[in-house]
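These notes concern the structure reproduced below.
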Amino acid sequence: MRAAVSGEAGEPLTIDEIDVPTPGPHEALVRVLTTGVCHTDLHAVEGDWPVPPKRPLVPGHEGFGEVVAVGDEVTDLAVGDRVGNAWLWSACGRCEYCRKGWETLCEQQENGGYSVDGSFAEYMLVDERYAARIPDGVDPVEVAPILCAGVTVYKALKETEVMPGEWVVISGIGGLGHVAVQYAIAMGMRVVAVDIDDEKLELARRHGAELVVNAREADPGQAVQDEIGGAHGVLVTAVHPSAFGQAAAMSRRGGTIVFVGLPPGDFPADIFDTVLRGLTIRGSIVGTRQDMVEALEFFAAGKIRPTVHTRRLDDINEIFEEMKAGQIEGRVVLELA
Ligand SMILES: NC(=O)c1ccc[n+]([C@@H]2O[C@H](COP(=O)([O-])OP(=O)(O)OC[C@H]3O[C@@H](n4cnc5c(N)ncnc54)[C@H](O)[C@@H]3O)[C@@H](O)[C@H]2O)c1
Ligand SMILES: CCCCCCO
Ligand SMILES: [Zn+2]
Ligand SMILES: [Zn+2]
């Protein structure tokens, strides 16, 4: 099968002919129809995180497709079923985190397109116990970004604890941020969008943001305090550390700041301010299987319309260059079939 393969960190991917994988007892073989390209895939290819991916690696964890074969012990998937892979490719199901419904924190988890091969290929494997079940009748291109961008921001917005009618800042209006604006509005929140690119901020407005701030032209903390007295929640999906240091200043007293963006680096946190204003700073990683069900339900109900641009597998290296340059509007989705 044709696949985009990352052989060495920092090197361009090659489009290779590799073996079609064989499903294990609890696995299914899936013909990939579409797959989103997440900035995490770029981090994986560049190798800029502390935990390296497998190599050689087939990236991709927003893959949508059709089951074509199942393993010997599969009981919950059949040929023809439509499924998705995800970052949470599998977990142990037995540890404290899995028992408590925090399978995304399982230390035995496998990660699609990172520790196991993903969806930048004609076929991929999924574990029947963790594969996303795709609602009937949804758009095969627009559903792909929900499998990571959608479930991640949906979970993160829940983690901000922002209530209907309250304000949330979405910092970073890329693949994650532009659907975060939509989930926030669907969840009854009011949105301030922050980015460094006016075209991204215009996209946020088109998706319903009431206020926008270009962090290259104004101090986002001062702007959000002046406009609304600070936001009840701040969700940072940006790919530069400076956005993380700006988050607290945008928060209202008692606010919750949730980080999902993962640029290498760290951020300053003022001790006195954090304590005096009762701020919560929280990391959030993708979503559980239940979060995926809920995020897909919002999508299937027509409340989330990812802005997508379709490309081919062979374009992947150009796509990553455009992503690095911040030139991608919404989400690129590869069409494999
Ligand atoms: N925590 C998780 O579970 C999780 C899940 C998916 C992705 N991620 C991470 O989230 C990040 C974003 O992913 P993506 O696919 O949306 O990336 P993307 O490249 O599509 O978008 C990144 C956005 O950040 C904006 N940006 C850059 N510098 C900024 C700044 N200083 N202030 C505000 N905005 C700024 C860019 O203009 C762009 O709009 C990546 O680091 C990715 O690895 C994390
Ligand atoms: C720690 C890595 C989290 C990435 C989630 C999928 O983009
Ligand atoms: Zn992702
Ligand atoms: Zn576990």
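FYI, nothing fancy with the structure tokens labels: chains A, B, ... in order, residues from 1 per chain, ligands from 1 as they appear.
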*Hey, which residues come within 8 Å of ligand 2 if we count only C-alpha atoms and all ligand atoms? Could you give them as a PyMOL selection string?*
chain A and resi 38-41+61+86-87+148-149+152+260+262+285-286
*Could you tell me, as an MDAnalysis selection string, which residues of region 120-294 of chain A DSSP assigns to alpha helix (DSSP H) when given the backbone?*
chainID A and resid 149:160 175:186 198:206 220:228 242:245 247:250 271:276 289:294
*Would you list the contacts of Lys200 (chain A) as an MDAnalysis selection string, taking every protein, DNA or RNA residue within 12 Å and counting only C-alpha atoms, but skipping same-chain residues closer than 5 positions in sequence?*
chainID A and resid 170:179 181 193:195 205:207 209 212:215 238 307 326:331
Would you mind exporting C-alpha atoms of the selected residues as a short mmCIF file (atom, residue, chain, number, x, y, z; two decimals), in the first residue's frame?
data_model
loop_
_atom_site.label_atom_id
_atom_site.label_comp_id
_atom_site.auth_asym_id
_atom_site.auth_seq_id
_atom_site.Cartn_x
_atom_site.Cartn_y
_atom_site.Cartn_z
CA ILE A 170 -9.64 30.95 22.22
CA SER A 171 -5.97 31.70 21.60
CA GLY A 172 -4.72 30.23 18.31
CA ILE A 173 -7.27 29.96 15.49
CA GLY A 174 -5.80 27.09 13.53
CA GLY A 175 -7.07 23.57 13.01
CA LEU A 176 -8.00 23.27 16.69
CA GLY A 177 -8.89 26.89 17.38
CA HIS A 178 -11.34 27.40 14.55
CA VAL A 179 -13.45 24.44 15.67
CA VAL A 181 -14.84 28.74 18.43
CA ALA A 193 -10.51 35.01 19.48
CA VAL A 194 -6.78 35.74 19.65
CA ASP A 195 -4.20 35.03 16.95
CA ARG A 205 -15.48 35.93 13.19
CA ARG A 206 -17.07 33.89 10.41
CA HIS A 207 -17.49 31.06 12.90
CA ALA A 209 -16.38 35.04 17.63
CA VAL A 212 -10.94 39.42 18.12
CA VAL A 213 -7.44 40.52 19.16
CA ASN A 214 -4.31 40.40 16.99
CA ALA A 215 -1.56 39.65 19.51
CA ALA A 238 -1.42 28.32 19.78
CA THR A 307 -13.22 24.81 7.38
CA GLY A 326 1.15 29.56 9.55
CA GLN A 327 -0.41 29.56 6.09
CA ILE A 328 -3.10 26.93 6.61
CA GLU A 329 -6.67 28.12 7.03
CA GLY A 330 -8.70 25.71 9.16
CA ARG A 331 -7.70 22.11 8.46
#
*Mind checking DSSP for region 48-226 of chain A and telling me the strand (DSSP E or B) residues as a PyMOL selection string?*
chain A and resi 57+63-70+82-84+88-90+110-112+116+121+123-127+132-133+167-171+190-195+211-214
*asked:* Ranking A:Asp127, A:Leu147, A:Gly245, A:Arg252 by minimum distance to Asp76 (chain A) and counting only C-alpha atoms, which one comes first?
replied: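 The closest residue to Asp76 (chain A) is A:Asp127.
Note that the spacing between CA of Ala132 (chain A) and CA of Ile18 (chain A) amounts to 24.9 Å.
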*Which chains and residue numbers are within 6 Å of ligand 4, counting only C-alpha atoms and all ligand atoms, if I want them as a PyMOL selection string?*
chain A and resi 91-95+97-98+103+106+108
*Please identify all polymer residues within 10 Å of Arg277 (chain A), counting only C-alpha atoms, omitting same-chain residues fewer than 5 positions from it, and present them as a ChimeraX atom specification.*
/A:248,251-255,272
Please write the residues from the selection above to a file, keeping C-alpha atoms, as a compact mmCIF listing (two decimals), in the first residue's frame.
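Final file, again-v8.txt:
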# COMPACT_ATOMS: atom_id res chain seq x y z
CA ALA A 248 -3.30 34.60 32.75
CA SER A 251 -8.36 35.74 32.63
CA ARG A 252 -10.99 37.09 35.00
CA ARG A 253 -10.52 36.53 38.76
CA GLY A 254 -11.34 32.91 39.49
CA GLY A 255 -10.78 32.01 35.83
CA PHE A 272 1.31 36.21 43.61
*Check the smallest atom-to-atom distance from each of A:Pro53, A:Glu217, A:Glu166, A:Glu122 to Asp197 (chain A) using only C-alpha atoms, then report the winner.*
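Checking each of A:Pro53, A:Glu217, A:Glu166, A:Glu122 against Asp197 (chain A), counting only C-alpha atoms, the winner is A:Glu217.
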*Compare A:Ile196, A:Ile271, A:Val169, A:Met124 by their minimum atom-to-atom distance to Gly60 (chain A), counting only C-alpha atoms, and give me the closest one.*
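Closest to Gly60 (chain A), using only C-alpha atoms: A:Met124.
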*Identify which of the residues A:Val191, A:Val275, A:Ala295, A:Ala121 lies closest to Lys155 (chain A), counting only C-alpha atoms when measuring atom-to-atom distances.*
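Using only C-alpha atoms, Lys155 (chain A) sits closest to A:Ala295.
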